[in-house]
2 protein chains.
Amino acid sequence: MSYISNIEDIKKCPTEFALALRDTLNVLSGKWKLNVIGVLFFGKKRFTEIEKGLEEITPRMLSKELKELELNGVVNRIVTASRPVVIEYELTESGYELKKVLDEMIGWGILHREKIFKK
Amino acid sequence: MSYISNIEDIKKCPTEFALALRDTLNVLSGKWKLNVIGVLFFGKKRFTEIEKGLEEITPRMLSKELKELELNGVVNRIVTASRPVVIEYELTESGYELKKVLDEMIGWGILHREKIFKK
């Protein structure tokens, strides 16, 4: 489905489209967001497992990024009341649905990189 | 075409994918980038025409955003040697190809917004 297939579409509800675009960009922006989401595509993970998957991230940064992703409804924090308590993170349905967005972003990035280097 | 259809894909070349993703995010980040690109989807425009299409942008900000988009190969600056000289901006091929990315971002943003408000 295309949201901006013609000019009339944009004229009809530019604000809704602009807000939706901005939402998505806001969710993905931040130094580590994409990387954290990327790791969680592999499934539910503990904090230390995510940390291992990302070089150079500090626990404080990871904690901040996870909290923001949770607030944005992209990540669920699951607490299992065992001993010791197990805390895990997983993508929400919305989080998994980002796959198509990321696919298009990767596709564009690869093509664009080729064009830039051809120059 | 899907770039992250399965885990093996990501394992195969995580760096290339990550770079491509980051490229795209970098190109789109910035307070006005999306709006400027949105206006230019309508076709070639002069500076003042873009300015009119965007409320609240200052000429200085617009100039900065256009320069960055030009450096990133998303926008062409066309100088016509008439009197007075006419300077126009248009999306490059890469710029127009962002449409699919923006479409997916809009689609996700709309769905996500519905889910958040349902809660």
# chains A, B, ... in the order shown; residues from 1 in each chain; ligands from 1
>>> select_by_dssp(residues="chain B", states="alpha helix (DSSP H)", output="PyMOL selection string")
chain B and resi 7-12+14-28+33-40+47-53+59-71+93-118
>>> select_by_dssp(residues="chain A", states="strand (DSSP E or B)", output="MDAnalysis selection string")
chainID A and resid 45:46 75:80 86:91
>>> interface_residues(of="chain B", to="chain A", cutoff="6 Å", atoms="only C-alpha atoms", output="ChimeraX atom specification")
/B:2-3,17,20-21,23-24,101,103-106,109-110
>>> write_last_selection(atoms="C-alpha atoms", output="mmCIF file, in the first residue's frame")
data_model
loop_
_atom_site.group_PDB
_atom_site.id
_atom_site.type_symbol
_atom_site.label_atom_id
_atom_site.label_comp_id
_atom_site.auth_asym_id
_atom_site.auth_seq_id
_atom_site.Cartn_x
_atom_site.Cartn_y
_atom_site.Cartn_z
ATOM 1 C CA SER B 2 13.485 -8.520 2.077
ATOM 2 C CA TYR B 3 16.907 -7.974 3.587
ATOM 3 C CA PHE B 17 23.103 -3.929 6.667
ATOM 4 C CA ALA B 20 22.980 0.952 5.192
ATOM 5 C CA LEU B 21 20.375 1.405 7.921
ATOM 6 C CA ASP B 23 23.019 5.880 6.346
ATOM 7 C CA THR B 24 19.301 6.102 5.737
ATOM 8 C CA VAL B 101 10.979 4.162 2.732
ATOM 9 C CA ASP B 103 5.643 5.031 2.715
ATOM 10 C CA GLU B 104 6.626 2.230 5.073
ATOM 11 C CA MET B 105 7.410 4.739 7.812
ATOM 12 C CA ILE B 106 4.022 6.424 7.399
ATOM 13 C CA GLY B 109 3.445 5.245 12.255
ATOM 14 C CA ILE B 110 -0.304 5.196 11.561
#
>>> atom_distance(atom1="CA of Arg77 (chain B)", atom2="CA of Leu91 (chain B)")
9.0 Å
